[in-house]
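File shown: entry.pdb (PDB, C-alpha atoms).
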```
ATOM      1  CA  MET A   1      21.418   0.564 -17.917
ATOM      2  CA  LYS A   2      19.971  -2.951 -18.183
ATOM      3  CA  PRO A   3      16.494  -3.587 -16.811
ATOM      4  CA  ILE A   4      16.426  -5.370 -13.462
ATOM      5  CA  LEU A   5      15.206  -8.567 -15.123
ATOM      6  CA  TYR A   6      16.849  -8.059 -18.509
ATOM      7  CA  ASP A   7      16.587 -11.741 -19.505
ATOM      8  CA  LEU A   8      12.789 -11.907 -19.134
ATOM      9  CA  PRO A   9      11.327 -13.261 -22.411
ATOM     10  CA  ARG A  10       8.064 -12.015 -23.944
ATOM     11  CA  ARG A  11       8.234  -8.732 -22.080
ATOM     12  CA  LYS A  12       6.750  -5.821 -24.037
ATOM     13  CA  PRO A  13       8.469  -2.428 -23.969
ATOM     14  CA  GLY A  14       6.246   0.198 -22.392
ATOM     15  CA  HIS A  15       4.179  -2.319 -20.375
ATOM     16  CA  VAL A  16       4.129  -3.083 -16.639
ATOM     17  CA  TYR A  17       5.099  -6.693 -15.944
ATOM     18  CA  SER A  18       4.729  -9.194 -13.098
ATOM     19  CA  ILE A  19       7.038 -12.089 -12.178
ATOM     20  CA  ASP A  20       7.555 -14.718  -9.470
ATOM     21  CA  MET A  21      10.667 -13.739  -7.485
ATOM     22  CA  HIS A  22      11.750 -17.303  -6.691
ATOM     23  CA  GLN A  23      11.503 -18.260 -10.354
ATOM     24  CA  TRP A  24      14.031 -15.526 -11.091
ATOM     25  CA  ASP A  25      16.514 -16.647  -8.410
ATOM     26  CA  PHE A  26      15.774 -14.171  -5.644
ATOM     27  CA  GLN A  27      16.575 -15.495  -2.170
ATOM     28  CA  GLN A  28      14.419 -14.813   0.869
ATOM     29  CA  GLN A  29      15.395 -14.534   4.514
ATOM     30  CA  ASN A  30      13.027 -14.243   7.464
ATOM     31  CA  ILE A  31      13.939 -11.173   9.494
ATOM     32  CA  LYS A  32      12.579  -8.603  11.915
ATOM     33  CA  ILE A  33      12.664  -5.088  10.446
ATOM     34  CA  GLY A  34      14.668  -2.810  12.751
ATOM     35  CA  HIS A  35      16.779  -5.679  14.137
ATOM     36  CA  HIS A  36      20.314  -6.467  13.003
ATOM     37  CA  LEU A  37      20.269  -9.055  10.220
ATOM     38  CA  ASN A  38      22.798 -11.231  12.045
ATOM     39  CA  GLY A  39      21.488 -10.516  15.533
ATOM     40  CA  ASN A  40      19.977 -12.962  18.008
ATOM     41  CA  THR A  41      16.355 -12.355  17.075
ATOM     42  CA  HIS A  42      13.993 -15.098  18.178
ATOM     43  CA  PRO A  43      12.630 -17.041  15.144
ATOM     44  CA  ALA A  44       9.040 -16.334  16.208
ATOM     45  CA  ASP A  45       9.733 -12.585  15.936
ATOM     46  CA  LYS A  46      11.019 -12.829  12.359
ATOM     47  CA  VAL A  47       7.737 -11.917  10.696
ATOM     48  CA  ASP A  48       9.205  -9.843   7.844
ATOM     49  CA  LEU A  49      11.063 -10.823   4.665
ATOM     50  CA  LEU A  50      14.346  -9.773   3.073
ATOM     51  CA  LEU A  51      14.805 -10.387  -0.675
ATOM     52  CA  THR A  52      18.299 -10.516  -2.160
ATOM     53  CA  LYS A  53      19.981 -11.393  -5.450
ATOM     54  CA  LYS A  54      23.497 -10.800  -6.711
ATOM     55  CA  ASP A  55      24.125  -7.702  -8.862
ATOM     56  CA  ILE A  56      20.719  -6.120  -8.189
ATOM     57  CA  ASP A  57      20.203  -2.435  -7.453
ATOM     58  CA  TYR A  58      17.850  -2.848  -4.484
ATOM     59  CA  ARG A  59      16.907   0.813  -4.195
ATOM     60  CA  ARG A  60      15.967   0.889  -7.868
ATOM     61  CA  LEU A  61      13.935  -2.290  -7.462
ATOM     62  CA  ARG A  62      12.236  -0.812  -4.367
ATOM     63  CA  ASP A  63      11.296   2.402  -6.169
ATOM     64  CA  SER A  64       9.887   0.696  -9.279
ATOM     65  CA  SER A  65       7.922  -2.203  -7.795
ATOM     66  CA  LEU A  66       5.058  -3.503  -5.714
ATOM     67  CA  PHE A  67       5.299  -6.883  -3.964
ATOM     68  CA  THR A  68       2.644  -9.485  -3.180
ATOM     69  CA  ILE A  69       2.748 -12.572  -0.951
ATOM     70  CA  GLY A  70       0.360 -15.282  -2.128
ATOM     71  CA  GLY A  71      -1.372 -12.601  -4.197
ATOM     72  CA  TYR A  72      -1.745 -10.007  -1.383
ATOM     73  CA  ALA A  73       0.183  -6.741  -1.622
ATOM     74  CA  HIS A  74       2.443  -5.763   1.297
ATOM     75  CA  PHE A  75       4.157  -2.521   2.202
ATOM     76  CA  HIS A  76       7.868  -2.661   1.363
ATOM     77  CA  ASP A  77      11.101  -0.726   1.695
ATOM     78  CA  GLY A  78      14.718  -1.268   0.687
ATOM     79  CA  SER A  79      18.369  -0.493   1.343
ATOM     80  CA  GLU A  80      21.779  -1.725   0.221
ATOM     81  CA  ASP A  81      21.005  -4.968   2.093
ATOM     82  CA  GLY A  82      17.956  -5.878  -0.014
ATOM     83  CA  VAL A  83      14.211  -5.338  -0.277
ATOM     84  CA  PHE A  84      12.196  -5.598   2.951
ATOM     85  CA  ILE A  85       8.565  -6.802   2.936
ATOM     86  CA  LYS A  86       6.561  -5.970   6.042
ATOM     87  CA  ASP A  87       4.903  -9.046   7.622
ATOM     88  CA  GLY A  88       5.843 -11.111   4.549
ATOM     89  CA  ALA A  89       7.024 -14.171   6.495
ATOM     90  CA  LEU A  90       3.946 -14.068   8.737
ATOM     91  CA  THR A  91       1.630 -14.075   5.704
ATOM     92  CA  GLN A  92       3.536 -16.973   4.143
ATOM     93  CA  GLN A  93       3.060 -18.952   7.349
ATOM     94  CA  ARG A  94      -0.656 -18.211   7.620
ATOM     95  CA  LEU A  95      -1.387 -18.855   3.936
ATOM     96  CA  GLY A  96       0.877 -21.888   3.629
ATOM     97  CA  CYS A  97       2.153 -20.238   0.434
ATOM     98  CA  HIS A  98       5.681 -19.040  -0.362
ATOM     99  CA  HIS A  99       5.074 -17.327  -3.698
ATOM    100  CA  ILE A 100       6.435 -13.770  -3.848
ATOM    101  CA  ASN A 101       5.353 -11.688  -6.823
ATOM    102  CA  CYS A 102       6.825  -8.444  -8.134
ATOM    103  CA  ILE A 103       4.731  -5.966 -10.151
ATOM    104  CA  ASN A 104       7.368  -3.837 -11.839
ATOM    105  CA  PHE A 105       6.975  -0.395 -13.464
ATOM    106  CA  GLU A 106      10.514   0.057 -14.830
ATOM    107  CA  GLU A 107       9.403  -0.321 -18.477
ATOM    108  CA  VAL A 108       7.231   2.777 -18.114
ATOM    109  CA  GLY A 109       9.810   4.715 -16.098
ATOM    110  CA  GLY A 110       7.568   4.512 -13.041
ATOM    111  CA  ILE A 111       8.536   5.597  -9.536
ATOM    112  CA  VAL A 112       6.282   3.941  -6.952
ATOM    113  CA  HIS A 113       5.331   5.970  -3.880
ATOM    114  CA  PRO A 114       3.536   3.865  -1.226
ATOM    115  CA  TYR A 115       1.893   5.834   1.599
ATOM    116  CA  ARG A 116       1.003   4.107   4.880
ATOM    117  CA  ILE A 117      -2.417   4.986   6.278
ATOM    118  CA  ASN A 118      -3.219   5.799   9.894
ATOM    119  CA  LYS A 119      -6.520   6.327  11.667
ATOM    120  CA  ASP A 120      -6.397  10.094  11.184
ATOM    121  CA  ASN A 121      -6.420   9.603   7.387
ATOM    122  CA  ILE A 122      -9.843   7.886   7.506
ATOM    123  CA  ILE A 123     -12.824  10.283   7.456
ATOM    124  CA  ALA A 124     -16.548   9.552   7.434
ATOM    125  CA  SER A 125     -18.157  10.214   4.046
ATOM    126  CA  ASP A 126     -21.637  11.085   5.377
ATOM    127  CA  VAL A 127     -23.232  12.956   8.275
ATOM    128  CA  LYS A 128     -24.388   9.701   9.894
ATOM    129  CA  GLU A 129     -20.733   8.619  10.137
ATOM    130  CA  GLU A 130     -21.538   5.125   8.900
ATOM    131  CA  TYR A 131     -17.950   4.120   8.252
ATOM    132  CA  TRP A 132     -19.019   0.633   7.194
ATOM    133  CA  ARG A 133     -20.705   2.053   4.067
ATOM    134  CA  SER A 134     -17.898   4.230   2.693
ATOM    135  CA  VAL A 135     -15.023   6.449   3.853
ATOM    136  CA  TYR A 136     -12.763   9.206   2.595
ATOM    137  CA  ILE A 137      -9.016   8.489   2.617
ATOM    138  CA  HIS A 138      -7.143  11.773   2.978
ATOM    139  CA  VAL A 139      -3.358  11.689   2.439
ATOM    140  CA  PRO A 140      -2.049  15.301   2.693
ATOM    141  CA  GLU A 141       1.498  14.443   1.574
ATOM    142  CA  ALA A 142       0.341  12.692  -1.621
ATOM    143  CA  ASP A 143      -0.447  14.254  -5.006
ATOM    144  CA  PHE A 144      -2.907  12.287  -7.124
ATOM    145  CA  LYS A 145      -3.004  14.731 -10.022
ATOM    146  CA  GLN A 146      -1.833  13.277 -13.385
ATOM    147  CA  HIS A 147      -0.437  10.125 -11.763
ATOM    148  CA  LEU A 148      -1.550   6.501 -11.649
ATOM    149  CA  VAL A 149      -3.286   6.113  -8.283
ATOM    150  CA  GLY A 150      -4.265   2.932  -6.472
ATOM    151  CA  LEU A 151      -5.223   1.622  -3.066
ATOM    152  CA  SER A 152      -4.181  -1.617  -1.428
ATOM    153  CA  ILE A 153      -6.670  -2.694   1.236
ATOM    154  CA  CYS A 154      -6.062  -6.026   2.949
ATOM    155  CA  GLY A 155      -3.617  -6.716   0.103
ATOM    156  CA  GLU A 156      -6.167  -6.180  -2.687
ATOM    157  CA  ILE A 157      -5.050  -3.473  -5.134
ATOM    158  CA  TYR A 158      -7.643  -1.237  -6.806
ATOM    159  CA  TRP A 159      -6.769   1.359  -9.457
ATOM    160  CA  LEU A 160      -8.229   4.608 -10.737
ATOM    161  CA  PRO A 161     -10.133   4.816 -13.014
ATOM    162  CA  LEU A 162     -10.374   1.042 -13.706
ATOM    163  CA  ASP A 163     -12.115   0.256 -10.410
ATOM    164  CA  GLY A 164     -14.191   3.425 -10.222
ATOM    165  CA  LYS A 165     -17.184   1.701  -8.635
ATOM    166  CA  ILE A 166     -15.110   0.867  -5.539
ATOM    167  CA  LEU A 167     -12.417   3.558  -5.517
ATOM    168  CA  THR A 168     -13.281   7.158  -6.429
ATOM    169  CA  TYR A 169     -11.157  10.282  -6.940
ATOM    170  CA  ILE A 170     -12.299  13.225  -4.796
ATOM    171  CA  ASN A 171      -9.426  15.725  -5.041
ATOM    172  CA  ASN A 172      -5.625  15.845  -5.344
ATOM    173  CA  ASN A 173      -5.058  14.070  -2.024
ATOM    174  CA  THR A 174      -8.383  12.441  -1.165
ATOM    175  CA  LEU A 175     -10.014   9.186  -2.312
ATOM    176  CA  LYS A 176     -13.342   7.564  -1.490
ATOM    177  CA  PHE A 177     -13.676   3.826  -0.841
ATOM    178  CA  ASP A 178     -17.045   2.029  -1.075
ATOM    179  CA  PHE A 179     -17.348  -0.865   1.393
ATOM    180  CA  ILE A 180     -20.767  -1.945   0.106
ATOM    181  CA  ARG A 181     -19.432  -2.659  -3.390
ATOM    182  CA  TRP A 182     -16.328  -4.232  -1.829
ATOM    183  CA  HIS A 183     -18.566  -6.764   0.022
ATOM    184  CA  LEU A 184     -17.270  -5.869   3.480
ATOM    185  CA  TYR A 185     -18.708  -8.792   5.454
ATOM    186  CA  GLU A 186     -17.550 -11.462   3.013
ATOM    187  CA  LYS A 187     -14.027  -9.993   2.985
ATOM    188  CA  VAL A 188     -13.821  -9.664   6.769
ATOM    189  CA  TYR A 189     -14.852 -13.276   7.237
ATOM    190  CA  ARG A 190     -12.127 -14.364   4.833
ATOM    191  CA  TYR A 191      -9.401 -12.177   6.343
ATOM    192  CA  LYS A 192     -10.126 -12.665  10.054
ATOM    193  CA  ASP A 193      -7.726 -15.621  10.220
ATOM    194  CA  LEU A 194      -5.135 -14.231   7.795
ATOM    195  CA  PHE A 195      -4.698 -10.943   9.654
ATOM    196  CA  GLY A 196      -5.771 -12.056  13.109
ATOM    197  CA  ARG A 197      -8.899 -11.395  15.159
ATOM    198  CA  LYS A 198      -6.774  -9.753  17.856
ATOM    199  CA  HIS A 199      -5.501  -7.054  15.510
ATOM    200  CA  MET A 200      -8.974  -6.504  14.103
ATOM    201  CA  GLY A 201     -10.555  -6.449  17.556
ATOM    202  CA  LEU A 202     -13.054  -9.226  16.833
ATOM    203  CA  ILE A 203     -14.443 -11.442  19.608
ATOM    204  CA  PRO A 204     -13.069 -15.020  19.096
ATOM    205  CA  TYR A 205     -16.301 -17.052  19.100
ATOM    206  CA  GLN A 206     -15.711 -20.798  19.306
ATOM    207  CA  ASP A 207     -17.935 -21.525  16.295
ATOM    208  CA  ASN A 208     -15.860 -19.079  14.183
ATOM    209  CA  ARG A 209     -18.698 -16.620  13.585
ATOM    210  CA  ILE A 210     -18.314 -12.842  13.442
ATOM    211  CA  SER A 211     -20.649 -10.159  14.753
ATOM    212  CA  THR A 212     -21.943  -7.708  12.160
ATOM    213  CA  GLU A 213     -22.227  -5.008  14.832
ATOM    214  CA  GLU A 214     -18.500  -5.316  15.537
ATOM    215  CA  VAL A 215     -17.712  -4.961  11.836
ATOM    216  CA  LYS A 216     -19.760  -1.755  11.627
ATOM    217  CA  LYS A 217     -17.709  -0.004  14.311
ATOM    218  CA  LYS A 218     -15.550   2.960  13.363
ATOM    219  CA  GLU A 219     -12.528   1.471  15.158
ATOM    220  CA  PHE A 220     -12.804  -1.765  13.207
ATOM    221  CA  ILE A 221     -12.982  -0.018   9.821
ATOM    222  CA  GLN A 222      -9.943   2.062  10.757
ATOM    223  CA  SER A 223      -8.033  -1.100  11.695
ATOM    224  CA  LEU A 224      -8.429  -2.440   8.138
ATOM    225  CA  PHE A 225      -6.461   0.536   6.806
ATOM    226  CA  THR A 226      -3.604   0.241   9.316
ATOM    227  CA  LEU A 227      -2.612  -3.284   8.239
ATOM    228  CA  PRO A 228       0.798  -3.730   6.544
ATOM    229  CA  GLN A 229      -1.269  -4.844   3.542
ATOM    230  CA  SER A 230      -3.120  -1.507   3.330
ATOM    231  CA  PHE A 231      -1.592   1.623   1.779
ATOM    232  CA  VAL A 232      -2.138   4.232  -0.919
ATOM    233  CA  ILE A 233      -0.119   3.869  -4.147
ATOM    234  CA  VAL A 234       0.990   6.728  -6.406
ATOM    235  CA  VAL A 235       3.021   5.858  -9.517
ATOM    236  CA  GLU A 236       4.885   8.787 -11.039
ATOM    237  CA  THR A 237       5.736   8.369 -14.753
ATOM    238  CA  PRO A 238       7.196  10.617 -17.488
ATOM    239  CA  LYS A 239       4.098  10.105 -19.665
ATOM    240  CA  PRO A 240       0.445   9.329 -18.855
ATOM    241  CA  LEU A 241      -0.518   5.684 -18.439
ATOM    242  CA  GLU A 242      -3.647   3.831 -19.446
ATOM    243  CA  ILE A 243      -4.962   0.808 -17.573
ATOM    244  CA  THR A 244      -7.306  -1.842 -18.968
ATOM    245  CA  LYS A 245      -8.287  -5.393 -18.082
ATOM    246  CA  GLN A 246      -8.459  -8.484 -20.275
ATOM    247  CA  LEU A 247     -10.408 -11.613 -19.310
ATOM    248  CA  VAL A 248      -8.437 -14.878 -19.478
ATOM    249  CA  ASP A 249      -9.996 -18.324 -20.016
ATOM    250  CA  SER A 250     -10.077 -20.971 -17.304
ATOM    251  CA  HIS A 251     -11.852 -23.901 -19.043
ATOM    252  CA  GLN A 252     -13.087 -24.703 -15.512
ATOM    253  CA  LEU A 253      -9.777 -26.271 -14.493
ATOM    254  CA  PRO A 254      -8.328 -25.517 -11.020
ATOM    255  CA  LYS A 255      -5.101 -23.526 -10.728
ATOM    256  CA  ARG A 256      -4.949 -22.996 -14.500
ATOM    257  CA  TYR A 257      -5.758 -20.221 -16.952
ATOM    258  CA  PHE A 258      -5.193 -20.291 -20.709
ATOM    259  CA  VAL A 259      -4.150 -17.544 -23.128
ATOM    260  CA  GLY A 260      -2.971 -17.391 -26.718
ATOM    261  CA  ASP A 261      -0.040 -15.143 -25.804
ATOM    262  CA  HIS A 262       1.132 -13.093 -22.848
ATOM    263  CA  HIS A 263       3.729 -10.502 -21.797
ATOM    264  CA  TYR A 264       3.886 -11.140 -18.023
ATOM    265  CA  ALA A 265       1.068  -8.700 -17.279
ATOM    266  CA  PRO A 266      -0.237  -8.695 -13.674
ATOM    267  CA  LEU A 267      -3.038 -11.261 -13.261
ATOM    268  CA  ARG A 268      -5.875 -10.282 -10.910
ATOM    269  CA  CYS A 269      -8.339 -12.844  -9.596
ATOM    270  CA  SER A 270     -11.987 -11.882  -8.967
ATOM    271  CA  ASP A 271     -11.387 -12.127  -5.200
ATOM    272  CA  GLY A 272      -8.848  -9.270  -5.395
ATOM    273  CA  ARG A 273      -5.596 -11.266  -5.279
ATOM    274  CA  TYR A 274      -2.852 -10.574  -7.815
ATOM    275  CA  LEU A 275      -2.086 -14.183  -8.592
ATOM    276  CA  PRO A 276       1.537 -15.264  -8.892
ATOM    277  CA  TYR A 277       1.802 -17.412 -11.986
ATOM    278  CA  ILE A 278       4.329 -19.399 -13.976
ATOM    279  CA  PRO A 279       3.657 -19.514 -17.751
ATOM    280  CA  MET A 280       4.166 -22.838 -19.518
ATOM    281  CA  GLU A 281       4.297 -23.159 -23.310
ATOM    282  CA  ASP A 282       1.543 -25.300 -24.840
ATOM    283  CA  ARG A 283       0.912 -26.245 -28.450
ATOM    284  CA  ASN A 284      -2.260 -24.120 -28.430
ATOM    285  CA  GLY A 285      -0.851 -21.156 -26.530
ATOM    286  CA  VAL A 286       0.258 -20.619 -22.946
ATOM    287  CA  VAL A 287      -0.925 -22.208 -19.693
ATOM    288  CA  LEU A 288      -0.746 -19.933 -16.630
ATOM    289  CA  CYS A 289      -0.122 -22.060 -13.519
ATOM    290  CA  THR A 290      -1.434 -20.165 -10.491
ATOM    291  CA  GLU A 291      -2.409 -20.358  -6.839
ATOM    292  CA  GLU A 292      -5.740 -21.855  -5.761
ATOM    293  CA  ASN A 293      -8.553 -20.234  -7.749
ATOM    294  CA  ARG A 294     -11.645 -22.155  -6.596
ATOM    295  CA  TRP A 295     -14.369 -21.088  -4.204
ATOM    296  CA  TYR A 296     -17.332 -22.942  -2.755
ATOM    297  CA  PRO A 297     -20.836 -21.392  -2.670
ATOM    298  CA  GLN A 298     -21.887 -20.420   0.836
ATOM    299  CA  GLN A 299     -25.243 -20.593   2.599
ATOM    300  CA  ASN A 300     -25.021 -16.870   3.351
ATOM    301  CA  ASP A 301     -24.552 -15.835  -0.285
ATOM    302  CA  GLN A 302     -28.258 -15.028  -0.743
ATOM    303  CA  ILE A 303     -28.917 -13.029   2.440
ATOM    304  CA  ILE A 304     -28.523  -9.350   3.274
ATOM    305  CA  ARG A 305     -25.535  -9.683   5.563
ATOM    306  CA  SER A 306     -25.860  -6.307   7.249
ATOM    307  CA  GLN A 307     -29.268  -7.364   8.603
ATOM    308  CA  GLN A 308     -27.924 -10.515  10.267
ATOM    309  CA  PRO A 309     -26.597 -10.431  13.863
ATOM    310  CA  PHE A 310     -23.833 -12.937  13.049
ATOM    311  CA  ILE A 311     -22.173 -14.437   9.990
ATOM    312  CA  ASN A 312     -20.894 -17.997  10.034
ATOM    313  CA  GLU A 313     -20.043 -19.209   6.542
ATOM    314  CA  LEU A 314     -21.005 -22.784   5.695
ATOM    315  CA  ASN A 315     -20.429 -24.500   2.362
ATOM    316  CA  ILE A 316     -23.449 -25.706   0.387
ATOM    317  CA  SER A 317     -22.461 -29.346   0.102
ATOM    318  CA  THR A 318     -24.653 -30.029  -2.932
ATOM    319  CA  ARG A 319     -22.876 -27.480  -5.152
ATOM    320  CA  ARG A 320     -19.454 -27.949  -6.680
ATOM    321  CA  ALA A 321     -16.574 -25.498  -6.533
ATOM    322  CA  VAL A 322     -16.559 -22.581  -8.964
ATOM    323  CA  ILE A 323     -13.448 -21.348 -10.776
ATOM    324  CA  ARG A 324     -12.916 -17.656 -10.145
ATOM    325  CA  GLN A 325     -12.589 -15.303 -13.093
ATOM    326  CA  ALA A 326      -9.228 -13.630 -13.678
ATOM    327  CA  HIS A 327      -8.078 -10.680 -15.760
ATOM    328  CA  PHE A 328      -4.760  -9.408 -17.035
ATOM    329  CA  ILE A 329      -4.330  -5.852 -15.728
ATOM    330  CA  ASN A 330      -2.618  -4.147 -18.661
ATOM    331  CA  ILE A 331      -0.797  -0.940 -17.711
ATOM    332  CA  LYS A 332       1.088   0.848 -20.483
ATOM    333  CA  PHE A 333       1.892   4.256 -21.950
ATOM    334  CA  LYS A 334      -1.187   6.054 -23.225
ATOM    335  CA  GLU A 335      -1.332   6.079 -27.019
TER     336      GLU A 335
END
```
What does the file become when written as structure tokens?
Amino acid sequence: MKPILYDLPRRKPGHVYSIDMHQWDFQQQNIKIGHHLNGNTHPADKVDLLLTKKDIDYRRLRDSSLFTIGGYAHFHDGSEDGVFIKDGALTQQRLGCHHINCINFEEVGGIVHPYRINKDNIIASDVKEEYWRSVYIHVPEADFKQHLVGLSICGEIYWLPLDGKILTYINNNTLKFDFIRWHLYEKVYRYKDLFGRKHMGLIPYQDNRISTEEVKKKEFIQSLFTLPQSFVIVVETPKPLEITKQLVDSHQLPKRYFVGDHHYAPLRCSDGRYLPYIPMEDRNGVVLCTEENRWYPQQNDQIIRSQQPFINELNISTRRAVIRQAHFINIKFKE
């Protein structure tokens, strides 16, 4: 049987690859999951996405892939009608970005099992029940033994054992997530508009600040794991996989990274996004054209955020933008 994207050049056998779905002629349709595709659904309710392409086995694509919108992973499903991405259209609208990326495991014979998380799966990791420091994620129906295991939180994917400082293996169906190393307050401030203050339960202050006491609440931490962008990932393969990362050069140019060669490996930015990219041949190698990869230093970067009553990020106008680091995430059969 031909691979789903059999005409993809530079792809290496036995390696996980990542491609832009629009570049490879997939069509998207805004829909509402659970509603008839041709029904009279109001356009404002069509917050999900349907991906289609002629002569594609959608169930096979569903079972071998992860999907990101603007770099953020989303829970997905599929049927004979296509691949469904939960809240995909809503994220496109809020980001102003229409890039859809597919991280595909077919070259390693991988079967992707995404597990949604509910509040009962989140357990305090200490007797003080300080959820804002770290939590256990217990998924009874999952089996982490001898499989590639990851966690998507707010669309950022972390893998074992590559990201062991943030995500830790506890037992066959339990993980530990460290919010201190994840930089909880910085991430919440960034995601409050993308995912909505109402869903997160944050008070909508007019000056756009957030309360650190609200962020520390158990209910708030649980809400982060119930987003459509948050789920546990188990990839079942016939042979063990190894996962490494490789730094790519930026030369301090926005929306560009430079490599001597590539094989469509997933590209992860230092802010947690899996950047959609289009490779362009250059006489000295390959230019990877990506989403926005700059950030501006903030006045709150040097303070202990947990000791502040409020956080209201303000750019330091005297400092220029910094290009974020990015790494290829190389996933292949273990040698």
Item to check | Nearest residue to A:Leu175 from the set A:Tyr72, A:Tyr136, A:Tyr205, A:Phe195 (distances using all atoms listed in the file) | outcome: A:Tyr136
Checklist entry - stretch 73-85 of chain A: which residues within 6 Å, counting all atoms listed in the file, same-chain residues fewer than 4 positions away excluded, as a PyMOL selection string? => result chain A and resi 48-52+58-59+62+67-68+155+228-229
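Shortest separation to A:Asn293 among A:Ile243, A:Ala321, A:Cys154, A:Ile123 occurs at residue A:Ala321, atoms counted being only C-alpha atoms.
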For A:His147, please output as a short mmCIF file (atom, residue, chain, number, x, y, z; two decimals) with C-alpha atoms, keeping the file's coordinate frame all residues within 9 Å (counting all atoms listed in the file; exclusion window: fewer than 4 positions along the same chain).
```cif
data_model
loop_
_atom_site.label_atom_id
_atom_site.label_comp_id
_atom_site.auth_asym_id
_atom_site.auth_seq_id
_atom_site.Cartn_x
_atom_site.Cartn_y
_atom_site.Cartn_z
CA ASP A 143 -0.45 14.25 -5.01
CA VAL A 234 0.99 6.73 -6.41
CA VAL A 235 3.02 5.86 -9.52
CA GLU A 236 4.88 8.79 -11.04
CA THR A 237 5.74 8.37 -14.75
CA PRO A 240 0.44 9.33 -18.86
CA LEU A 241 -0.52 5.68 -18.44
#
```
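Between A:Ala89 and the candidates A:Gln146, A:Ser125, A:Asn30, A:Asn101, the tightest atom-to-atom separation, counting only C-alpha atoms, involves A:Asn30.
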Checklist entry - Can you list what the PyMOL selection byres ((chain A and resi 215-219) around 9) grabs from this structure, as number ranges by chain? => result A: 119, 124, 129-133, 184-185, 188, 200-202, 210-214, 220-223, 306
Item to check | Spatial sel., origin (-2.4, 5.1, -18.8), limit 12 Å, only C-alpha atoms, listed as a ChimeraX atom specification | outcome: /A:14-16,108,110,146-149,159-162,235-244,329-335
Item to check | Atomic separation - atom CA of A:Leu227 relative to atom CA of A:Pro204, Å | outcome: 19.1 Å
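Reported to one decimal place, the separation of atom CA of A:Gln28 from atom CA of A:Asp55 is 15.5 Å.
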Item to check | Selection result for the PyMOL selection byres ((chain A and resi 18) around 8) on this file, as a ChimeraX atom specification | outcome: /A:16-17,19-20,101-104,264-266
Item to check | the PyMOL selection byres ((chain A and resi 272) around 10) applied to the shown file, residues as a PyMOL selection string | outcome: chain A and resi 71-72+152-158+182+187+267-271+273-275+326
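Among the candidates A:Arg116, A:Lys165, A:Lys145, A:Lys86, the residue lying nearest to A:Ile180 is A:Lys165 (atoms considered: all atoms listed in the file).
By chain and then residue number, the residues within 12 Å of A:Asn208 are A:Tyr189, A:Arg190, A:Lys192, A:Asp193, A:Arg197, A:Leu202, A:Ile203, A:Pro204, A:Tyr205, A:Ser211, A:Phe310, A:Ile311, A:Asn312, A:Glu313, A:Leu314, counting all atoms listed in the file and disregarding those fewer than 3 positions away in sequence.
As for atom CA of A:Ala44 and atom CA of A:Gln23, they are spaced 26.7 Å apart.
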Item to check | All residues 8 Å or closer to A:Leu61, only C-alpha atoms, same chain fewer than 4 positions away omitted, as a ChimeraX atom specification | outcome: /A:4,56-57,65,83
Would you save the residues of that selection, restricted to C-alpha atoms, as a compact mmCIF listing (two decimals), in the coordinates of the input?
```txt
# COMPACT_ATOMS: atom_id res chain seq x y z
CA ILE A 4 16.43 -5.37 -13.46
CA ILE A 56 20.72 -6.12 -8.19
CA ASP A 57 20.20 -2.44 -7.45
CA SER A 65 7.92 -2.20 -7.80
CA VAL A 83 14.21 -5.34 -0.28
```
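Among the candidate residues A:Val287, A:Val248, A:Leu151, A:Ile278, the one lying nearest to A:Arg324 is A:Val248, with distances computed using only C-alpha atoms.
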Let me know the centre plus edge lengths, in Å and rounded to one decimal, of a box with edges along x, y and z that contains all listed atoms of stretch 139-144 of chain A and is padded by 3 Å on every side, as lines of an AutoDock Vina configuration file.
```
center_x = -0.9
center_y = 13.5
center_z = -2.2
size_x = 10.9
size_y = 9.6
size_z = 15.8
```
Item to check | Spatial neighbours of A:Phe177, 7 Å, all atoms listed in the file, chain gap at least 6 places, as JSON, numbers by chain | outcome: {"A": [134, 135, 136, 166, 167, 168]}
